[in-house]
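Below is the file protein-v5.cif, which contains mmCIF, C-alpha atoms.
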```cif
data_data
loop_
_atom_site.label_atom_id
_atom_site.label_comp_id
_atom_site.auth_asym_id
_atom_site.auth_seq_id
_atom_site.Cartn_x
_atom_site.Cartn_y
_atom_site.Cartn_z
CA MET Q 126 203.66 174.35 35.18
CA ALA Q 127 204.46 170.79 36.03
CA LYS Q 128 204.24 168.60 32.96
CA TRP Q 129 203.95 165.55 35.20
CA PHE Q 130 200.71 166.71 36.71
CA LEU Q 131 198.62 167.53 33.69
CA THR Q 132 198.32 163.81 32.98
CA VAL Q 133 195.24 163.84 35.23
CA LEU Q 134 193.32 164.58 32.07
CA THR Q 135 192.85 160.89 31.32
CA GLY Q 136 189.22 160.82 32.37
CA LEU Q 137 188.56 157.30 33.64
CA GLY Q 138 191.50 157.24 36.04
CA LEU Q 139 190.86 160.61 37.68
CA LEU Q 140 190.42 159.44 41.24
CA LEU Q 141 193.21 156.93 41.48
CA SER Q 142 195.74 157.29 38.70
CA VAL Q 143 196.73 159.28 35.67
CA GLY Q 144 198.10 158.36 32.29
CA CYS Q 145 200.15 159.76 29.51
CA SER Q 146 198.72 162.89 27.94
CA SER Q 147 199.77 165.26 25.21
CA ILE Q 148 200.08 168.68 26.83
CA ARG Q 149 199.81 171.75 24.65
CA HIS Q 150 202.14 173.88 26.82
CA GLN Q 151 204.78 171.20 27.47
CA GLN Q 152 207.04 169.44 25.03
CA GLU Q 153 206.95 166.12 26.86
CA SER Q 154 204.45 163.85 28.51
CA GLU Q 155 204.99 160.97 30.92
CA TRP Q 156 203.26 158.22 32.87
CA LEU Q 157 202.73 159.01 36.52
CA TYR Q 158 200.31 158.42 39.38
CA ALA Q 159 198.60 161.37 41.01
CA PRO Q 160 199.55 161.46 44.72
CA MET Q 161 196.59 160.14 46.70
CA ALA Q 162 195.52 159.37 50.26
CA ARG Q 163 192.98 156.77 51.27
CA PRO Q 164 189.62 158.58 51.20
CA LEU Q 165 188.58 159.30 54.79
CA GLN Q 166 185.87 157.01 56.13
CA PRO Q 167 183.66 157.19 59.26
CA THR Q 168 185.38 155.74 62.32
CA ILE Q 169 183.74 153.79 65.10
CA GLN Q 170 184.72 156.61 67.47
CA GLN Q 171 182.83 159.16 65.38
CA GLU Q 172 179.74 156.98 65.18
CA VAL Q 173 179.76 156.23 68.91
CA LYS Q 174 180.17 159.94 69.67
CA ILE Q 175 177.06 160.77 67.64
CA LEU Q 176 175.14 158.01 69.42
CA ARG Q 177 176.15 159.26 72.87
CA LEU Q 178 175.38 162.88 72.05
CA SER Q 179 171.96 161.84 70.74
CA GLN Q 180 171.30 159.94 73.97
CA LEU Q 181 172.41 162.95 76.01
CA LEU Q 182 169.95 165.20 74.18
CA GLN Q 183 167.10 163.01 75.40
CA GLN Q 184 167.76 164.05 78.99
CA LYS Q 185 165.25 166.64 80.14
CA GLU Q 186 167.33 168.25 82.89
CA LEU Q 187 169.91 169.81 80.55
CA THR Q 188 170.23 173.58 80.72
CA ASP Q 189 169.72 175.50 77.49
CA GLU Q 190 173.43 176.34 77.31
CA ILE Q 191 174.50 172.72 77.70
CA ARG Q 192 171.87 171.55 75.22
CA ALA Q 193 173.17 174.11 72.74
CA LYS Q 194 176.69 172.81 73.27
CA VAL Q 195 175.60 169.22 72.66
CA PHE Q 196 173.77 170.17 69.46
CA PHE Q 197 176.89 172.00 68.30
CA GLU Q 198 179.13 169.01 69.04
CA ARG Q 199 176.80 166.63 67.23
CA GLY Q 200 176.54 169.05 64.33
CA ASN Q 201 180.33 169.10 64.05
CA SER Q 202 180.38 165.31 64.06
CA TYR Q 203 177.77 165.17 61.30
CA ASP Q 204 179.73 167.76 59.33
CA MET Q 205 182.94 165.73 59.43
CA LEU Q 206 181.01 162.79 57.95
CA GLY Q 207 179.56 164.87 55.13
CA LEU Q 208 176.02 164.83 56.56
CA LYS Q 209 175.53 168.50 55.81
CA ASN Q 210 171.77 168.81 56.24
CA LEU Q 211 171.81 167.05 59.60
CA ALA Q 212 174.71 169.26 60.67
CA ARG Q 213 172.89 172.42 59.60
CA LEU Q 214 169.76 171.41 61.51
CA ASP Q 215 171.80 170.79 64.66
CA PHE Q 216 173.58 174.14 64.35
CA GLU Q 217 170.24 175.91 63.97
CA GLN Q 218 168.93 174.06 67.03
CA SER Q 219 172.04 175.06 68.95
CA LEU Q 220 171.42 178.73 68.19
CA ARG Q 221 167.80 178.40 69.25
CA PHE Q 222 168.89 177.38 72.74
CA TYR Q 223 171.89 179.74 72.99
CA PRO Q 224 172.21 182.46 70.31
CA SER Q 225 175.57 183.94 71.35
CA GLN Q 226 177.78 181.52 69.42
CA PRO Q 227 179.88 183.15 66.69
CA GLU Q 228 181.41 179.81 65.65
CA VAL Q 229 177.95 178.43 64.88
CA PHE Q 230 176.98 181.47 62.80
CA ASN Q 231 180.27 181.05 60.95
CA MET Q 232 179.51 177.42 60.14
CA LEU Q 233 176.00 178.26 58.94
CA GLY Q 234 177.46 180.96 56.72
CA VAL Q 235 179.70 178.38 55.08
CA TYR Q 236 176.71 176.09 54.48
CA TYR Q 237 174.71 178.88 52.89
CA THR Q 238 177.66 179.77 50.67
CA GLU Q 239 177.84 176.15 49.49
CA ILE Q 240 174.25 176.24 48.28
CA ASN Q 241 174.53 179.72 46.71
CA ASP Q 242 172.20 181.29 49.29
CA PHE Q 243 174.45 184.30 49.59
CA ASP Q 244 172.09 186.68 51.40
CA SER Q 245 171.71 184.15 54.23
CA ALA Q 246 175.48 183.59 54.21
CA TYR Q 247 176.21 187.32 54.55
CA GLU Q 248 173.72 187.59 57.39
CA SER Q 249 175.26 184.63 59.23
CA PHE Q 250 178.82 185.92 58.87
CA ASP Q 251 177.73 189.41 59.95
CA SER Q 252 176.21 187.86 63.10
CA ALA Q 253 179.44 185.96 63.76
CA LEU Q 254 181.48 189.13 63.41
CA GLU Q 255 179.15 191.12 65.64
CA LEU Q 256 179.73 188.56 68.38
CA ALA Q 257 183.46 188.13 67.66
CA PRO Q 258 184.84 191.08 65.65
CA GLU Q 259 188.35 189.66 65.90
CA SER Q 260 187.46 186.39 64.17
CA VAL Q 261 189.79 186.00 61.19
CA TYR Q 262 187.89 182.91 60.05
CA ALA Q 263 184.50 184.64 59.92
CA GLY Q 264 186.01 187.66 58.18
CA ARG Q 265 187.78 185.53 55.60
CA ASN Q 266 184.70 183.37 55.06
CA LEU Q 267 182.55 186.46 54.52
CA ALA Q 268 185.04 187.67 51.93
CA ILE Q 269 184.89 184.29 50.18
CA ALA Q 270 181.08 184.34 50.19
CA LEU Q 271 181.11 187.83 48.66
CA TYR Q 272 183.59 186.56 46.04
CA TYR Q 273 181.35 183.68 45.04
CA GLY Q 274 178.38 186.03 45.13
CA GLY Q 275 180.08 188.26 42.55
CA ARG Q 276 180.55 191.21 44.91
CA HIS Q 277 184.28 191.51 44.35
CA ARG Q 278 184.94 194.98 45.72
CA LEU Q 279 183.19 194.22 48.98
CA ALA Q 280 185.05 190.90 49.07
CA ARG Q 281 188.34 192.75 48.66
CA ASP Q 282 187.51 195.10 51.53
CA GLU Q 283 186.66 192.18 53.82
CA ILE Q 284 189.75 190.13 52.99
CA GLU Q 285 191.94 193.20 53.53
CA GLN Q 286 190.54 193.46 57.05
CA ALA Q 287 191.31 189.80 57.66
CA MET Q 288 194.86 190.36 56.38
CA GLN Q 289 195.28 193.31 58.73
CA GLN Q 290 194.41 191.07 61.67
CA ASP Q 291 196.79 188.32 60.60
CA SER Q 292 199.10 189.23 57.73
CA ALA Q 293 201.05 186.00 58.23
CA ASP Q 294 198.12 183.75 57.32
CA PRO Q 295 198.94 182.19 53.92
CA PHE Q 296 195.32 181.15 53.28
CA SER Q 297 194.06 184.71 53.67
CA ALA Q 298 196.85 185.76 51.31
CA LEU Q 299 195.73 183.15 48.78
CA TRP Q 300 192.11 184.23 48.93
CA ARG Q 301 193.03 187.91 48.66
CA TYR Q 302 194.93 186.98 45.50
CA LEU Q 303 191.93 185.12 44.06
CA ILE Q 304 189.56 187.96 44.93
CA VAL Q 305 191.71 190.85 43.71
CA SER Q 306 192.55 188.94 40.51
CA GLU Q 307 188.93 189.43 39.45
CA MET Q 308 189.63 193.17 39.25
CA ASP Q 309 193.38 193.56 38.69
CA ALA Q 310 195.40 190.41 38.04
CA GLU Q 311 198.75 192.19 38.01
CA ALA Q 312 198.14 193.95 41.34
CA ALA Q 313 196.90 190.68 42.87
CA ARG Q 314 200.06 188.84 41.86
CA LYS Q 315 202.26 191.64 43.19
CA GLN Q 316 200.48 191.55 46.57
CA LEU Q 317 200.80 187.79 46.83
CA MET Q 318 204.47 187.89 45.90
CA GLN Q 319 205.11 190.51 48.59
CA SER Q 320 203.32 188.40 51.20
CA TYR Q 321 205.21 185.30 50.12
CA HIS Q 322 208.65 186.89 50.42
CA ALA Q 323 207.74 188.51 53.75
CA HIS Q 324 206.45 185.36 55.47
CA GLN Q 325 207.67 182.24 53.65
CA SER Q 326 210.26 181.42 56.32
CA GLN Q 327 207.76 181.22 59.18
CA PRO Q 328 208.10 177.72 60.65
CA LYS Q 329 204.47 177.38 61.74
CA GLU Q 330 203.08 178.00 58.26
CA THR Q 331 205.65 176.33 56.00
CA TRP Q 332 202.95 174.24 54.35
CA GLY Q 333 200.61 177.16 53.63
CA TRP Q 334 203.39 179.21 52.06
CA SER Q 335 204.30 176.21 49.90
CA LEU Q 336 200.80 176.49 48.44
CA VAL Q 337 201.40 180.19 47.82
CA ALA Q 338 204.67 179.37 46.05
CA MET Q 339 202.83 176.84 43.89
CA MET Q 340 200.15 179.39 43.01
CA LEU Q 341 202.84 181.91 42.01
CA GLY Q 342 204.92 179.37 40.10
CA GLU Q 343 207.83 180.09 42.43
CA THR Q 344 208.30 176.38 42.97
CA ASP Q 345 207.70 173.43 40.71
CA ASP Q 346 204.36 171.72 41.30
CA SER Q 347 206.08 168.36 41.63
CA THR Q 348 208.22 169.75 44.45
CA VAL Q 349 205.12 170.62 46.48
CA PHE Q 350 203.63 167.16 46.04
CA LYS Q 351 206.95 165.51 46.87
CA GLN Q 352 207.02 167.61 50.04
CA ILE Q 353 203.57 166.35 50.97
CA MET Q 354 204.46 162.71 50.44
CA GLN Q 355 207.83 162.95 52.18
CA GLU Q 356 206.71 164.92 55.23
CA THR Q 357 203.33 163.27 55.84
CA SER Q 358 203.00 159.73 57.19
CA ASP Q 359 199.52 160.02 58.72
CA ASN Q 360 196.78 159.30 56.18
CA THR Q 361 194.38 161.89 57.63
CA VAL Q 362 196.95 164.68 57.41
CA LEU Q 363 197.88 163.49 53.92
CA ALA Q 364 194.23 163.69 52.84
CA HIS Q 365 193.95 167.20 54.29
CA ARG Q 366 197.02 168.50 52.49
CA LEU Q 367 196.23 166.90 49.17
CA THR Q 368 192.71 168.34 49.31
CA GLU Q 369 194.17 171.81 49.74
CA ALA Q 370 196.88 171.36 47.12
CA TYR Q 371 194.55 170.01 44.45
CA PHE Q 372 192.00 172.76 45.09
CA TYR Q 373 194.43 175.68 44.79
CA LEU Q 374 196.20 174.14 41.82
CA GLY Q 375 192.76 173.76 40.26
CA LYS Q 376 192.11 177.46 40.87
CA ARG Q 377 195.37 178.32 39.12
CA TYR Q 378 194.46 176.35 36.01
CA GLN Q 379 190.92 177.68 36.04
CA MET Q 380 192.23 181.25 36.09
CA GLN Q 381 194.29 180.36 33.01
CA ALA Q 382 191.13 179.03 31.29
CA HIS Q 383 192.54 175.47 31.31
CA TYR Q 384 189.18 174.07 32.31
CA ALA Q 385 189.77 170.37 31.68
CA GLU Q 386 192.79 170.37 33.97
CA ALA Q 387 190.89 172.36 36.61
CA VAL Q 388 187.95 169.95 36.56
CA ALA Q 389 190.28 166.98 37.06
CA LEU Q 390 191.98 168.70 39.99
CA TYR Q 391 188.73 169.66 41.70
CA LYS Q 392 187.56 166.07 41.41
CA LEU Q 393 190.77 164.95 43.07
CA ALA Q 394 190.22 167.50 45.86
CA ILE Q 395 186.73 166.12 46.43
CA SER Q 396 187.82 162.48 46.32
CA MET Q 397 189.59 162.49 49.71
CA ASN Q 398 186.31 163.05 51.63
CA VAL Q 399 187.69 165.90 53.77
CA TYR Q 400 184.17 167.24 54.13
CA GLU Q 401 184.90 169.92 56.72
CA TYR Q 402 187.53 171.76 54.66
CA ILE Q 403 186.36 174.70 52.58
CA GLU Q 404 188.57 173.43 49.77
CA HIS Q 405 186.39 170.32 49.59
CA ARG Q 406 183.15 172.29 49.96
CA TYR Q 407 183.92 174.95 47.38
CA ALA Q 408 185.37 172.55 44.80
CA PHE Q 409 181.72 171.80 43.96
CA LEU Q 410 181.05 175.52 43.46
CA GLU Q 411 184.06 175.78 41.17
CA LEU Q 412 182.88 172.84 39.07
CA GLU Q 413 179.53 174.56 38.71
CA ARG Q 414 181.21 177.81 37.70
CA ILE Q 415 183.29 176.05 35.04
CA TYR Q 416 180.19 174.33 33.68
CA ASN Q 417 178.37 177.66 33.43
CA THR Q 418 181.39 179.35 31.82
CA ILE Q 419 181.71 176.66 29.15
CA LYS Q 420 177.95 176.68 28.55
CA ASP Q 421 177.96 180.46 28.09
CA GLU Q 422 180.95 180.30 25.74
CA HIS Q 423 179.23 177.58 23.72
CA SER Q 424 175.99 179.59 23.52
CA SER Q 425 177.76 182.77 22.42
CA SER Q 426 179.60 180.91 19.62
CA HIS Q 427 176.35 179.74 18.02
#
```

Output the structure of this file as structure tokens.
Amino acid sequence: MAKWFLTVLTGLGLLLSVGCSSIRHQQESEWLYAPMARPLQPTIQQEVKILRLSQLLQQKELTDEIRAKVFFERGNSYDMLGLKNLARLDFEQSLRFYPSQPEVFNMLGVYYTEINDFDSAYESFDSALELAPESVYAGRNLAIALYYGGRHRLARDEIEQAMQQDSADPFSALWRYLIVSEMDAEAARKQLMQSYHAHQSQPKETWGWSLVAMMLGETDDSTVFKQIMQETSDNTVLAHRLTEAYFYLGKRYQMQAHYAEAVALYKLAISMNVYEYIEHRYAFLELERIYNTIKDEHSSSH
């Protein structure tokens, strides 16, 4: 574990900086700033795009297929700005005009997962997979929904199918680890280690396998964050990578029952405003799970 990073526990500075903290599993503590990107903000291009798509939808001569496409595009634009309810309404409208859109069912499944409406999420992902059985994203997202819904064995079966379609995907490997850990932590770690050693040298996915190494403790946490800061000059890409890194590091601490550290990390993942990433979306679910865990532990001790 990186002693430098646990300093995020100083509550008031969570989103911008961290202070010196006494860490129970490290002998030292130090003053450091948590790596941050400027939180993403709406751009004039995004706002103009929404305006133009809205104007286009007012035209009566559009075919149903084109109208569905426009609703989908506007929904995506809303989604990237964090306007989830508007995005969901547009996706539902898109399906009303043209139902054969697996990517739209996939997005709706993610939305339903976010609000703990798991039956609707399963139905949406099933529809996506019926239309596009080869979709790794829909398969992985269904597995994640089953995981959050507490159906771990079914989640394991689904993520295994996603891994069979693309064994080199580090994010599927990470989620398989998280899912299988609920049933057999030792087997989950062994699987992840095997995937890491088999695919870590792939040039296209160097970043994803760095996250796997961090989860396994195969590399120092500080090394991963130094890699992000050194290799990333674009603020948007920086925000994306930090969102992912903070989320998966939060999962690691949560699995170790270090809840204060995990909460701080999830808040950092949320703070970059990368609304469309599942790591941003599901950080809220993880915060809720931690709250419920602590509440249950408190109730059982009284």

Item to complete: Quick one: everything within 12 Å of Q:Gln286, counting all atoms listed in the file, minus sequence neighbours fewer than 5 positions away in the same chain. Send it as an MDAnalysis selection string.
Response: chainID Q and resid 254 258:268 279:281 291:292 297:298 301

Worksheet entry | Atomic distance atom CA of Q:Val337 - atom CA of Q:Arg278, expressed in Å with one decimal | 22.2 Å

Fill in: 8 Å contact set for Q:Met161, only C-alpha atoms, chain neighbours under 2 positions out, as a VMD selection string
chain Q and resid 141 159 163 364 367 397

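Here atom CA of Q:Phe296 stands at a distance of 22.9 Å from atom CA of Q:Leu165.
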
Practice prompt. Just say which residues the PyMOL selection byres ((chain Q and resi 386-395) around 6) picks in this file, as a PyMOL selection string.
Written response: chain Q and resi 140+368+371-372+375+378-379+383-385+396-397+405+408

Discussion item. Here is a test: counting all atoms listed in the file, which residue of Q:Leu220, Q:Leu181, Q:Pro167, Q:Glu172 is nearest to Q:Ala193?
Written reply: Q:Leu220

Worksheet item: Any chance you could work out the residue set of the PyMOL selection byres ((chain Q and resi 209) around 12) here, as a VMD selection string?
Response: chain Q and resid 199 to 208 210 to 216 232 to 233 235 to 237 239 to 240 400 to 401 406

Item to complete: Go through Q:Tyr407, Q:Ile269, Q:Tyr373, Q:Ser425 one by one, measure the shortest atom-to-atom distance of each to Q:Asp346 using only C-alpha atoms, and give the residue with the smallest value.
Response: Q:Tyr373

Taking the file as shown, find all residues satisfying the PyMOL selection byres ((chain Q and resi 366) around 12) and write them as a CSV table (one decimal) with C-alpha atoms, in the coordinates of the input.
```csv
chain,number,residue,atom,x,y,z
Q,160,PRO,CA,199.6,161.5,44.7
Q,161,MET,CA,196.6,160.1,46.7
Q,162,ALA,CA,195.5,159.4,50.3
Q,332,TRP,CA,203.0,174.2,54.4
Q,333,GLY,CA,200.6,177.2,53.6
Q,335,SER,CA,204.3,176.2,49.9
Q,336,LEU,CA,200.8,176.5,48.4
Q,349,VAL,CA,205.1,170.6,46.5
Q,350,PHE,CA,203.6,167.2,46.0
Q,351,LYS,CA,207.0,165.5,46.9
Q,352,GLN,CA,207.0,167.6,50.0
Q,353,ILE,CA,203.6,166.4,51.0
Q,354,MET,CA,204.5,162.7,50.4
Q,356,GLU,CA,206.7,164.9,55.2
Q,357,THR,CA,203.3,163.3,55.8
Q,358,SER,CA,203.0,159.7,57.2
Q,359,ASP,CA,199.5,160.0,58.7
Q,360,ASN,CA,196.8,159.3,56.2
Q,361,THR,CA,194.4,161.9,57.6
Q,362,VAL,CA,197.0,164.7,57.4
Q,363,LEU,CA,197.9,163.5,53.9
Q,364,ALA,CA,194.2,163.7,52.8
Q,365,HIS,CA,194.0,167.2,54.3
Q,367,LEU,CA,196.2,166.9,49.2
Q,368,THR,CA,192.7,168.3,49.3
Q,369,GLU,CA,194.2,171.8,49.7
Q,370,ALA,CA,196.9,171.4,47.1
Q,371,TYR,CA,194.6,170.0,44.4
Q,372,PHE,CA,192.0,172.8,45.1
Q,373,TYR,CA,194.4,175.7,44.8
Q,393,LEU,CA,190.8,165.0,43.1
Q,394,ALA,CA,190.2,167.5,45.9
Q,397,MET,CA,189.6,162.5,49.7
Q,399,VAL,CA,187.7,165.9,53.8
Q,402,TYR,CA,187.5,171.8,54.7
Q,404,GLU,CA,188.6,173.4,49.8
Q,405,HIS,CA,186.4,170.3,49.6
```

Discussion item. With distances taken over all atoms listed in the file, which residue among Q:Phe230, Q:Leu176, Q:Gln170, Q:Tyr302 lies nearest Q:Phe197?
Written reply: Q:Phe230

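All protein and nucleic acid residues in the vicinity of (175.7, 186.1, 60.5), that is within 10 Å when counting all atoms listed in the file, are Pro227, Glu228, Val229, Phe230, Asn231, Met232, Leu233, Gly234, Asp244, Ser245, Ala246, Tyr247, Glu248, Ser249, Phe250, Asp251, Ser252, Ala253, Leu254, Glu255, Leu256, Ala263 and Leu267 of chain Q.
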
Item to complete: Considering only C-alpha atoms, return as a ChimeraX atom specification whatever protein or nucleic-acid residues lie within 9 Å of Q:Leu303, sequence-local ones (same chain, fewer than 3 positions apart) excluded.
Response: /Q:272,298-300,306-307,310,313,376,380

Item to complete: Dump as a ChimeraX atom specification all residues having an atom at most 10 Å from (171.7, 174.4, 75.2), computed in the file's coordinates with all atoms listed in the file.
Response: /Q:182,187-197,218-224

Hey, can you spit out that residue selection with C-alpha atoms as a tab-separated table (two decimals), in the frame of the given file?
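Result file follows (out_12.tsv):
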```
chain	number	residue	atom	x	y	z
Q	182	LEU	CA	169.95	165.20	74.18
Q	187	LEU	CA	169.91	169.81	80.55
Q	188	THR	CA	170.23	173.58	80.72
Q	189	ASP	CA	169.72	175.50	77.49
Q	190	GLU	CA	173.43	176.34	77.31
Q	191	ILE	CA	174.50	172.72	77.70
Q	192	ARG	CA	171.87	171.55	75.22
Q	193	ALA	CA	173.17	174.11	72.74
Q	194	LYS	CA	176.69	172.81	73.27
Q	195	VAL	CA	175.60	169.22	72.66
Q	196	PHE	CA	173.77	170.17	69.46
Q	197	PHE	CA	176.89	172.00	68.30
Q	218	GLN	CA	168.93	174.06	67.03
Q	219	SER	CA	172.04	175.06	68.95
Q	220	LEU	CA	171.42	178.73	68.19
Q	221	ARG	CA	167.80	178.40	69.25
Q	222	PHE	CA	168.89	177.38	72.74
Q	223	TYR	CA	171.89	179.74	72.99
Q	224	PRO	CA	172.21	182.46	70.31
```

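Our summary of the geometry notes that atom CA of Q:Lys420 is positioned 22.0 Å from atom CA of Q:Asp242.
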
Please write out, as JSON, where the centre of an axis-aligned box around all listed atoms of stretch 288-302 of chain Q lies and how long its edges are, in Å to one decimal, after adding 5 Å on each side.
```
{"center_x": 196.6, "center_y": 187.2, "center_z": 53.6, "size_x": 18.9, "size_y": 22.2, "size_z": 26.2}
```

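Nearest residue to Q:Ala270 among Q:Leu412, Q:Ile419, Q:Ala338, Q:Ile284 is Q:Ile284, counting only C-alpha atoms.
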
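Proximity ranking of Q:Thr331, Q:Ser426, Q:Asn241, Q:Gln325 relative to Q:Arg414 places Q:Asn241 first, based on only C-alpha atoms.
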